[in-house]
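Participant: Sharing coords_10.cif here; it has mmCIF, C-alpha atoms.
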```
data_start
#
loop_
_atom_site.group_PDB
_atom_site.id
_atom_site.type_symbol
_atom_site.label_atom_id
_atom_site.label_comp_id
_atom_site.auth_asym_id
_atom_site.auth_seq_id
_atom_site.Cartn_x
_atom_site.Cartn_y
_atom_site.Cartn_z
ATOM 1 C CA MET A 1 -0.810 -4.914 14.838
ATOM 2 C CA ALA A 2 1.695 -6.045 12.172
ATOM 3 C CA GLU A 3 0.398 -9.635 12.420
ATOM 4 C CA GLU A 4 -3.149 -8.333 11.984
ATOM 5 C CA LYS A 5 -2.169 -6.411 8.834
ATOM 6 C CA ASN A 6 -0.277 -9.471 7.556
ATOM 7 C CA LYS A 7 -3.487 -11.486 7.828
ATOM 8 C CA TRP A 8 -5.236 -9.002 5.527
ATOM 9 C CA ILE A 9 -2.299 -9.045 3.122
ATOM 10 C CA ASP A 10 -2.479 -12.855 3.003
ATOM 11 C CA ALA A 11 -6.212 -12.643 2.268
ATOM 12 C CA ILE A 12 -5.905 -9.971 -0.434
ATOM 13 C CA THR A 13 -2.949 -11.634 -2.170
ATOM 14 C CA LYS A 14 -4.924 -14.886 -2.112
ATOM 15 C CA LEU A 15 -7.748 -13.111 -3.962
ATOM 16 C CA THR A 16 -5.200 -11.791 -6.484
ATOM 17 C CA LYS A 17 -3.908 -15.333 -7.043
ATOM 18 C CA LEU A 18 -7.418 -16.758 -7.461
ATOM 19 C CA THR A 19 -8.169 -13.946 -9.933
ATOM 20 C CA GLN A 20 -5.019 -14.646 -11.951
ATOM 21 C CA GLU A 21 -5.799 -18.360 -12.026
ATOM 22 C CA GLY A 22 -9.343 -17.616 -13.193
ATOM 23 C CA LYS A 23 -10.842 -19.290 -10.116
ATOM 24 C CA LEU A 24 -12.407 -16.017 -9.023
ATOM 25 C CA LYS A 25 -14.474 -14.396 -11.748
ATOM 26 C CA TRP A 26 -15.011 -10.648 -11.573
ATOM 27 C CA SER A 27 -17.457 -8.632 -13.581
ATOM 28 C CA SER A 28 -17.803 -4.976 -14.316
ATOM 29 C CA ALA A 29 -20.596 -3.326 -12.325
ATOM 30 C CA SER A 30 -22.296 0.017 -12.624
ATOM 31 C CA SER A 31 -21.619 2.680 -10.062
ATOM 32 C CA THR A 32 -24.738 2.404 -7.900
ATOM 33 C CA ASP A 33 -26.510 5.054 -5.825
ATOM 34 C CA VAL A 34 -24.345 3.974 -2.910
ATOM 35 C CA LEU A 35 -21.192 5.031 -4.731
ATOM 36 C CA VAL A 36 -21.735 8.679 -5.499
ATOM 37 C CA SER A 37 -19.549 10.631 -7.901
ATOM 38 C CA ASP A 38 -19.612 14.426 -7.627
ATOM 39 C CA ASP A 39 -17.274 17.436 -7.754
ATOM 40 C CA VAL A 40 -15.103 16.244 -4.883
ATOM 41 C CA GLN A 41 -15.112 12.483 -5.328
ATOM 42 C CA GLN A 42 -15.174 10.267 -8.373
ATOM 43 C CA VAL A 43 -15.693 6.535 -8.446
ATOM 44 C CA GLU A 44 -13.735 4.761 -11.165
ATOM 45 C CA ALA A 45 -14.647 1.356 -12.617
ATOM 46 C CA VAL A 46 -16.440 -0.893 -10.144
ATOM 47 C CA PHE A 47 -15.985 -4.679 -10.127
ATOM 48 C CA THR A 48 -17.886 -7.380 -8.292
ATOM 49 C CA ALA A 49 -17.302 -11.066 -7.640
ATOM 50 C CA THR A 50 -18.726 -13.804 -5.469
ATOM 51 C CA HIS A 51 -16.452 -15.954 -3.368
ATOM 52 C CA LYS A 52 -17.891 -18.626 -1.067
ATOM 53 C CA ASP A 53 -21.330 -16.955 -0.983
ATOM 54 C CA LYS A 54 -19.790 -13.604 -0.118
ATOM 55 C CA ARG A 55 -20.202 -10.718 -2.522
ATOM 56 C CA LEU A 56 -17.068 -8.651 -3.040
ATOM 57 C CA ARG A 57 -16.861 -5.190 -4.548
ATOM 58 C CA LEU A 58 -13.656 -3.541 -5.675
ATOM 59 C CA TYR A 59 -13.293 0.031 -6.894
ATOM 60 C CA LYS A 60 -11.034 3.032 -6.907
ATOM 61 C CA LYS A 61 -12.225 6.366 -5.619
ATOM 62 C CA ARG A 62 -10.529 9.679 -6.331
ATOM 63 C CA PHE A 63 -10.866 12.508 -3.836
ATOM 64 C CA LYS A 64 -10.306 16.210 -4.286
ATOM 65 C CA VAL A 65 -8.341 17.663 -1.390
ATOM 66 C CA GLU A 66 -9.003 21.356 -0.799
ATOM 67 C CA GLU A 67 -6.672 23.718 1.040
ATOM 68 C CA PRO A 68 -7.328 23.372 4.774
ATOM 69 C CA SER A 69 -8.809 26.373 6.520
ATOM 70 C CA ASN A 70 -6.978 25.536 9.753
ATOM 71 C CA PRO A 71 -3.707 27.575 9.802
ATOM 72 C CA TRP A 72 -1.828 24.741 11.543
ATOM 73 C CA PHE A 73 -2.587 22.328 8.708
ATOM 74 C CA GLY A 74 -1.842 25.143 6.260
ATOM 75 C CA ALA A 75 1.656 25.346 7.711
ATOM 76 C CA THR A 76 2.199 21.633 7.143
ATOM 77 C CA SER A 77 1.235 22.034 3.488
ATOM 78 C CA ILE A 78 4.252 24.328 3.030
ATOM 79 C CA LEU A 79 6.470 21.490 4.248
ATOM 80 C CA SER A 80 4.847 18.963 1.934
ATOM 81 C CA HIS A 81 5.168 21.283 -1.126
ATOM 82 C CA ARG A 82 1.609 20.398 -2.166
ATOM 83 C CA LYS A 83 -0.402 22.668 -4.390
ATOM 84 C CA TYR A 84 -4.079 22.776 -3.517
ATOM 85 C CA PRO A 85 -6.472 21.507 -4.663
ATOM 86 C CA TYR A 86 -5.048 18.121 -5.572
ATOM 87 C CA TRP A 87 -6.537 14.704 -6.239
ATOM 88 C CA THR A 88 -5.702 11.578 -4.351
ATOM 89 C CA ALA A 89 -7.029 8.047 -4.747
ATOM 90 C CA GLN A 90 -7.832 5.050 -2.625
ATOM 91 C CA ILE A 91 -8.766 1.506 -3.587
ATOM 92 C CA TYR A 92 -11.659 -0.100 -1.715
ATOM 93 C CA LEU A 93 -12.409 -3.777 -1.335
ATOM 94 C CA GLU A 94 -15.700 -4.397 0.410
ATOM 95 C CA LEU A 95 -18.065 -7.154 1.362
ATOM 96 C CA VAL A 96 -21.501 -6.005 0.217
ATOM 97 C CA ASP A 97 -25.105 -7.149 0.590
ATOM 98 C CA THR A 98 -27.422 -7.928 -2.318
ATOM 99 C CA HIS A 99 -28.468 -4.243 -2.506
ATOM 100 C CA GLY A 100 -24.873 -3.093 -2.878
ATOM 101 C CA HIS A 101 -24.585 -1.678 0.626
ATOM 102 C CA SER A 102 -21.159 -1.999 2.148
ATOM 103 C CA LEU A 103 -21.026 -4.426 5.079
ATOM 104 C CA TRP A 104 -17.286 -4.449 5.646
ATOM 105 C CA THR A 105 -14.367 -2.575 4.132
ATOM 106 C CA PHE A 106 -10.977 -4.254 4.029
ATOM 107 C CA PRO A 107 -8.112 -2.208 5.469
ATOM 108 C CA GLU A 108 -6.139 -0.143 2.986
ATOM 109 C CA VAL A 109 -3.024 -2.130 2.111
ATOM 110 C CA SER A 110 -0.648 -1.780 -0.807
ATOM 111 C CA ALA A 111 -1.558 -5.255 -2.148
ATOM 112 C CA LEU A 112 -4.990 -3.887 -3.189
ATOM 113 C CA SER A 113 -3.446 -2.089 -6.144
ATOM 114 C CA ASP A 114 -2.159 -5.391 -7.600
ATOM 115 C CA LEU A 115 -5.564 -6.990 -7.028
ATOM 116 C CA LEU A 116 -7.213 -4.154 -8.988
ATOM 117 C CA THR A 117 -4.689 -4.540 -11.828
ATOM 118 C CA SER A 118 -5.333 -8.309 -11.988
ATOM 119 C CA VAL A 119 -9.101 -7.746 -11.968
ATOM 120 C CA LYS A 120 -8.885 -5.150 -14.757
ATOM 121 C CA TYR A 121 -6.688 -7.547 -16.741
ATOM 122 C CA GLN A 122 -9.258 -10.332 -16.324
ATOM 123 C CA VAL A 123 -12.377 -8.268 -17.014
ATOM 124 C CA SER A 124 -10.940 -6.434 -20.021
ATOM 125 C CA GLY A 125 -9.960 -9.742 -21.626
ATOM 126 C CA VAL A 126 -6.511 -8.435 -22.589
ATOM 127 C CA LYS A 127 -5.058 -11.960 -22.608
ATOM 128 C CA ASP A 128 -7.586 -13.287 -25.159
ATOM 129 C CA PHE A 129 -7.272 -10.121 -27.209
ATOM 130 C CA LEU A 130 -3.486 -10.472 -27.394
ATOM 131 C CA ASN A 131 -3.684 -14.173 -28.216
ATOM 132 C CA ASP A 132 -6.221 -13.545 -31.020
ATOM 133 C CA LEU A 133 -4.125 -10.717 -32.391
ATOM 134 C CA LEU A 134 -0.930 -12.753 -32.388
ATOM 135 C CA GLU A 135 -2.654 -15.822 -33.893
ATOM 136 C CA GLU A 136 -4.010 -13.616 -36.689
ATOM 137 C CA GLN A 137 -0.501 -12.345 -37.333
ATOM 138 C CA ILE A 138 0.917 -15.880 -37.437
ATOM 139 C CA ALA A 139 -1.867 -16.995 -39.791
ATOM 140 C CA GLU A 140 -1.192 -14.039 -42.111
ATOM 141 C CA GLN A 141 2.510 -14.806 -42.181
ATOM 142 C CA ALA A 142 1.814 -18.485 -42.899
ATOM 143 C CA GLY A 143 -0.698 -17.654 -45.623
ATOM 144 C CA MET B 1 28.386 19.165 55.198
ATOM 145 C CA LEU B 2 28.791 22.763 54.024
ATOM 146 C CA ASN B 3 32.218 22.956 55.617
ATOM 147 C CA TRP B 4 33.283 19.773 53.855
ATOM 148 C CA LEU B 5 32.071 21.166 50.516
ATOM 149 C CA LEU B 6 33.929 24.467 50.997
ATOM 150 C CA LYS B 7 37.071 22.597 52.022
ATOM 151 C CA THR B 8 36.887 20.387 48.923
ATOM 152 C CA ILE B 9 36.339 23.380 46.625
ATOM 153 C CA ARG B 10 39.333 25.146 48.129
ATOM 154 C CA GLN B 11 41.469 22.059 47.474
ATOM 155 C CA ILE B 12 40.593 21.951 43.730
ATOM 156 C CA THR B 13 43.575 22.915 41.662
ATOM 157 C CA PHE B 14 43.642 24.504 38.195
ATOM 158 C CA SER B 15 44.566 21.149 36.625
ATOM 159 C CA ASP B 16 41.511 19.525 38.308
ATOM 160 C CA VAL B 17 39.278 22.164 36.670
ATOM 161 C CA GLY B 18 40.943 21.360 33.345
ATOM 162 C CA SER B 19 40.304 17.638 33.794
ATOM 163 C CA ILE B 20 36.648 18.196 34.692
ATOM 164 C CA ALA B 21 36.217 20.509 31.665
ATOM 165 C CA SER B 22 37.793 17.863 29.419
ATOM 166 C CA LEU B 23 35.385 15.208 30.711
ATOM 167 C CA ILE B 24 32.407 17.524 30.177
ATOM 168 C CA SER B 25 33.533 18.366 26.639
ATOM 169 C CA LEU B 26 34.003 14.648 25.889
ATOM 170 C CA GLY B 27 30.459 13.999 27.048
ATOM 171 C CA MET B 28 29.208 16.909 24.937
ATOM 172 C CA THR B 29 31.094 15.585 21.890
ATOM 173 C CA PHE B 30 29.333 12.224 22.219
ATOM 174 C CA TYR B 31 25.971 13.957 22.674
ATOM 175 C CA VAL B 32 26.531 16.106 19.553
ATOM 176 C CA LEU B 33 27.633 13.017 17.599
ATOM 177 C CA TYR B 34 24.497 11.164 18.719
ATOM 178 C CA THR B 35 22.241 14.117 17.825
ATOM 179 C CA VAL B 36 23.839 14.658 14.397
ATOM 180 C CA ARG B 37 23.487 10.941 13.630
ATOM 181 C CA LYS B 38 19.858 11.031 14.743
ATOM 182 C CA ILE B 39 19.119 14.064 12.546
ATOM 183 C CA LYS B 40 20.927 12.468 9.586
ATOM 184 C CA ASN B 41 18.950 9.218 9.986
ATOM 185 C CA PHE B 42 15.715 11.203 10.281
ATOM 186 C CA TYR B 43 16.265 13.069 7.004
ATOM 187 C CA VAL B 44 17.571 9.986 5.196
ATOM 188 C CA PHE B 45 14.402 8.166 6.307
ATOM 189 C CA LYS B 46 12.131 11.040 5.235
ATOM 190 C CA ALA B 47 13.772 11.499 1.857
ATOM 191 C CA ARG B 48 14.792 8.011 0.735
ATOM 192 C CA VAL B 49 12.379 5.568 2.344
ATOM 193 C CA PRO B 50 9.281 6.796 0.420
ATOM 194 C CA GLU B 51 11.269 6.504 -2.829
ATOM 195 C CA LEU B 52 12.437 2.996 -1.986
ATOM 196 C CA THR B 53 8.897 1.980 -0.983
ATOM 197 C CA GLU B 54 7.631 3.180 -4.351
ATOM 198 C CA GLN B 55 10.350 1.167 -6.093
ATOM 199 C CA LEU B 56 9.407 -1.936 -4.099
ATOM 200 C CA GLU B 57 5.751 -1.474 -5.053
ATOM 201 C CA GLY B 58 6.882 -1.393 -8.685
ATOM 202 C CA HIS B 59 8.893 -4.612 -8.267
ATOM 203 C CA ALA B 60 5.935 -6.308 -6.534
ATOM 204 C CA SER B 61 3.519 -5.314 -9.324
ATOM 205 C CA LYS B 62 5.874 -6.684 -11.951
ATOM 206 C CA LEU B 63 6.286 -9.954 -10.027
ATOM 207 C CA VAL B 64 2.482 -10.402 -9.981
ATOM 208 C CA GLU B 65 2.368 -9.743 -13.697
ATOM 209 C CA PHE B 66 5.149 -12.275 -14.362
ATOM 210 C CA HIS B 67 3.471 -14.788 -12.039
ATOM 211 C CA GLY B 68 0.445 -14.669 -14.359
ATOM 212 C CA ASP B 69 2.637 -15.617 -17.333
ATOM 213 C CA PHE B 70 5.246 -17.651 -15.425
ATOM 214 C CA LYS B 71 6.427 -19.925 -18.251
ATOM 215 C CA ASN B 72 7.331 -17.045 -20.539
ATOM 216 C CA SER B 73 8.757 -14.774 -17.859
ATOM 217 C CA LYS B 74 11.462 -16.801 -16.135
ATOM 218 C CA GLU B 75 14.340 -14.522 -17.195
ATOM 219 C CA LYS B 76 12.363 -11.371 -16.477
ATOM 220 C CA ILE B 77 11.590 -12.730 -13.007
ATOM 221 C CA LEU B 78 15.277 -13.291 -12.234
ATOM 222 C CA LEU B 79 16.038 -9.749 -13.341
ATOM 223 C CA GLU B 80 13.191 -8.268 -11.319
ATOM 224 C CA ILE B 81 13.916 -10.112 -8.091
ATOM 225 C CA GLY B 82 17.553 -9.099 -8.482
ATOM 226 C CA LYS B 83 16.467 -5.459 -8.653
ATOM 227 C CA ALA B 84 14.156 -5.993 -5.691
ATOM 228 C CA GLU B 85 17.052 -7.421 -3.655
ATOM 229 C CA VAL B 86 19.164 -4.322 -4.339
ATOM 230 C CA THR B 87 16.294 -2.049 -3.277
ATOM 231 C CA LEU B 88 15.704 -4.136 -0.143
ATOM 232 C CA LYS B 89 19.375 -3.961 0.837
ATOM 233 C CA SER B 90 19.312 -0.205 0.452
ATOM 234 C CA LEU B 91 16.136 -0.046 2.549
ATOM 235 C CA GLU B 92 17.612 -2.301 5.227
ATOM 236 C CA LYS B 93 20.176 0.355 6.181
ATOM 237 C CA LYS B 94 17.521 3.001 6.717
ATOM 238 C CA VAL B 95 14.922 1.252 8.858
ATOM 239 C CA GLY B 96 14.567 0.070 12.436
ATOM 240 C CA ARG B 97 15.520 -3.316 13.843
ATOM 241 C CA ARG B 98 12.032 -4.855 13.512
ATOM 242 C CA THR B 99 11.666 -3.919 9.826
ATOM 243 C CA LYS B 100 15.245 -5.076 9.178
ATOM 244 C CA LYS B 101 14.128 -8.587 10.223
ATOM 245 C CA SER B 102 11.191 -8.530 7.769
ATOM 246 C CA VAL B 103 13.491 -7.287 5.005
ATOM 247 C CA ALA B 104 15.957 -10.103 5.781
ATOM 248 C CA VAL B 105 13.159 -12.689 5.354
ATOM 249 C CA VAL B 106 12.499 -11.517 1.773
ATOM 250 C CA VAL B 107 16.206 -11.174 0.938
ATOM 251 C CA ASN B 108 16.761 -14.786 2.054
ATOM 252 C CA LEU B 109 13.781 -15.985 0.003
ATOM 253 C CA ILE B 110 15.176 -14.189 -3.055
ATOM 254 C CA ARG B 111 18.621 -15.722 -2.526
ATOM 255 C CA ASP B 112 17.038 -19.179 -2.332
ATOM 256 C CA TYR B 113 15.252 -18.649 -5.653
ATOM 257 C CA SER B 114 17.729 -21.000 -7.306
ATOM 258 C CA PRO B 115 17.221 -23.132 -10.443
ATOM 259 C CA TYR B 116 16.050 -25.935 -8.089
ATOM 260 C CA ASN B 117 13.071 -24.103 -6.685
ATOM 261 C CA GLN B 118 12.105 -21.651 -9.413
ATOM 262 C CA SER B 119 8.440 -22.477 -9.097
ATOM 263 C CA GLN B 120 5.355 -20.337 -9.463
ATOM 264 C CA ASP B 121 4.418 -21.026 -5.842
ATOM 265 C CA TYR B 122 7.837 -19.965 -4.573
ATOM 266 C CA LEU B 123 7.616 -16.759 -6.598
ATOM 267 C CA TRP B 124 4.236 -16.118 -4.991
ATOM 268 C CA LYS B 125 5.775 -16.599 -1.544
ATOM 269 C CA ILE B 126 8.376 -13.926 -2.371
ATOM 270 C CA TYR B 127 5.621 -11.588 -3.589
ATOM 271 C CA VAL B 128 3.503 -12.014 -0.447
ATOM 272 C CA GLU B 129 6.466 -11.405 1.881
ATOM 273 C CA LEU B 130 7.495 -8.394 -0.211
ATOM 274 C CA GLN B 131 3.987 -6.970 0.208
ATOM 275 C CA LYS B 132 4.301 -7.433 3.986
ATOM 276 C CA VAL B 133 7.558 -5.464 4.021
ATOM 277 C CA ILE B 134 6.000 -2.706 1.894
ATOM 278 C CA GLN B 135 3.040 -2.457 4.268
ATOM 279 C CA GLU B 136 5.284 -2.435 7.333
ATOM 280 C CA VAL B 137 7.389 0.386 5.885
ATOM 281 C CA ILE B 138 4.265 2.367 4.938
ATOM 282 C CA ASP B 139 2.981 1.988 8.511
ATOM 283 C CA VAL B 140 6.338 3.081 9.983
ATOM 284 C CA GLN B 141 6.303 6.135 7.707
ATOM 285 C CA SER B 142 2.816 7.046 8.934
ATOM 286 C CA ASP B 143 3.938 6.652 12.554
ATOM 287 C CA ARG B 144 6.971 8.869 12.005
ATOM 288 C CA ALA B 145 5.146 11.502 9.926
ATOM 289 C CA TRP B 146 4.991 13.958 12.828
ATOM 290 C CA GLU B 147 8.261 13.028 14.485
ATOM 291 C CA ASN B 148 10.617 15.845 15.461
ATOM 292 C CA PRO B 149 14.267 15.165 14.499
ATOM 293 C CA ASN B 150 15.451 16.951 17.649
ATOM 294 C CA GLY B 151 12.850 15.345 19.871
#
```
Kindly return the structure encoded in the file as structure tokens.
Facilitator:
Amino acid sequence: MAEEKNKWIDAITKLTKLTQEGKLKWSSASSTDVLVSDDVQQVEAVFTATHKDKRLRLYKKRFKVEEPSNPWFGATSILSHRKYPYWTAQIYLELVDTHGHSLWTFPEVSALSDLLTSVKYQVSGVKDFLNDLLEEQIAEQAG
Amino acid sequence: MLNWLLKTIRQITFSDVGSIASLISLGMTFYVLYTVRKIKNFYVFKARVPELTEQLEGHASKLVEFHGDFKNSKEKILLEIGKAEVTLKSLEKKVGRRTKKSVAVVVNLIRDYSPYNQSQDYLWKIYVELQKVIQEVIDVQSDRAWENPNG
């Protein structure tokens, strides 16, 4: 089981590395009909990339958790000190078809959060923005 | 058989009863010690391990960030892996034998991050192994979520 999870971690961290090195290019995508946002779930920024003819989709989904009606689960909420309703989030990495339908969802592992951060960093162009800004500053000081 | 039992009981002296009671109380002392230790470990695990996992996630995220700007982050990396080592050592005392082994792998990698092998690839190796420890600890926490400390 642990070895199986480690395989996924190796794969996801590899994607993070390729993203950082610019070998895997991600682009911002619109939230399609497949990814529905409503009162109880909200899809945050969606990103897509193609790696070896496979289309990848990465996004974060927030869920609203209502107070459970089952008294047994209600009792556990006292122990967890949670106040209902609350929002929780999960990051999804999927292999999708050309219509945006999910074919396979990667298991939820902590490394996904770093992949999302690297993708956001790449797509937003923060690096170029910072470089331009700092070059401008240097040019002003020189001039 | 019954006669033998009655005969033996009749032969038991007051000091024999005292000795037996002492042995029973010794056994009970060990049982109470074991139970208290088990309860202590349970609550330490429940309270501290999620905090330490969160800290490790923070260290891992920073290492990825520094990996992206490796040339300008060499000192920050040393500082961050130092912090990660402290967190890992604290975690090591609170987890089971199997996770201890995984923690030891990362601690050894961090210790070997000397001026001779301070490369981007080696840093990545540390990050990947750190992620594996984080995931293992998260899985153990999920498994133990419904565990009874007295069970």
Participant: Against stretch 53-71 of chain A, which residues of stretch 81-140 of chain A fall within 12 Å? For each one I want the closest pair of atoms and the distance in Å (one decimal), counting all atoms listed in the file, rows by chain and increasing residue number, as CSV.
Facilitator:
```
residue,atom,partner,partner_atom,distance
A:Arg82,CA,A:Glu67,CA,9.5
A:Lys83,CA,A:Glu67,CA,8.4
A:Tyr84,CA,A:Glu67,CA,5.3
A:Pro85,CA,A:Glu66,CA,4.6
A:Tyr86,CA,A:Val65,CA,5.3
A:Trp87,CA,A:Lys64,CA,4.5
A:Thr88,CA,A:Phe63,CA,5.3
A:Ala89,CA,A:Arg62,CA,4.2
A:Gln90,CA,A:Lys61,CA,5.5
A:Ile91,CA,A:Lys60,CA,4.3
A:Tyr92,CA,A:Tyr59,CA,5.4
A:Leu93,CA,A:Leu58,CA,4.5
A:Glu94,CA,A:Arg57,CA,5.2
A:Leu95,CA,A:Leu56,CA,4.8
A:Val96,CA,A:Arg55,CA,5.6
A:Asp97,CA,A:Arg55,CA,6.8
A:Thr98,CA,A:Arg55,CA,7.7
A:His99,CA,A:Arg55,CA,10.5
A:Gly100,CA,A:Arg57,CA,8.4
A:His101,CA,A:Arg57,CA,9.9
A:Ser102,CA,A:Arg57,CA,8.6
A:Leu103,CA,A:Arg55,CA,9.9
A:Trp104,CA,A:Leu56,CA,9.7
A:Thr105,CA,A:Arg57,CA,9.4
A:Phe106,CA,A:Leu58,CA,10.1
A:Glu108,CA,A:Lys60,CA,11.5
A:Leu112,CA,A:Leu58,CA,9.0
A:Ser113,CA,A:Lys60,CA,9.2
A:Asp114,CA,A:Leu58,CA,11.8
A:Leu115,CA,A:Leu58,CA,8.9
A:Leu116,CA,A:Leu58,CA,7.3
A:Thr117,CA,A:Leu58,CA,10.9
A:Ser118,CA,A:Leu58,CA,11.5
A:Val119,CA,A:Leu58,CA,8.8
A:Lys120,CA,A:Leu58,CA,10.4
```
Participant: For the PyMOL selection byres ((chain A) within 7 of (chain B)), applied here, can you spell out every residue it catches as a list in words?
Facilitator: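 With the PyMOL selection byres ((chain A) within 7 of (chain B)) on this model, the match is Asn6, Ile9, Asp10, Thr13, Gln20, Val109, Ser110, Ala111 and Asp114 of chain A.
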Participant: If the PyMOL selection byres ((chain A and resi 25) around 9) were run on this exact file, what residues would it hold? Put them as a list in words.
Facilitator: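 What the PyMOL selection byres ((chain A and resi 25) around 9) grabs from the file is Leu18, Thr19, Gly22, Lys23, Leu24, Trp26, Ser27, Thr48, Ala49, Thr50, His51, Val119, Gln122 and Val123 of chain A.
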Participant: Name all residues at most 12 Å from stretch 90-102 of chain B (count all atoms listed in the file; drop same-chain ones fewer than 5 positions away) and give them as a ChimeraX atom specification.
Facilitator: /A:2-3,6 /B:38,40-56,83-85,107-109,126,128-141,144
Participant: May I ask for the distance between atom CA of B:His59 and atom CA of B:Ile110, given in Å to one decimal place?
Facilitator: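 Separation of atom CA of B:His59 and atom CA of B:Ile110: 12.6 Å.
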Participant: Pick from A:Lys52, A:Pro107, A:Glu21, A:Ser30: nearest to A:Lys5, with all atoms listed in the file counted?
Facilitator: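 Among A:Lys52, A:Pro107, A:Glu21, A:Ser30, it is A:Pro107 that comes nearest to A:Lys5.
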Participant: What is the distance, in Å and to one decimal place, between atom CA of B:Ser114 and atom CA of B:Leu78?
Facilitator: 9.5 Å
Participant: Can you measure atom CA of B:Asp16 to atom CA of B:Leu2 for me? One decimal in Å is fine.
Facilitator: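 Atom CA of B:Leu2 lies at a distance of 20.5 Å from atom CA of B:Asp16.
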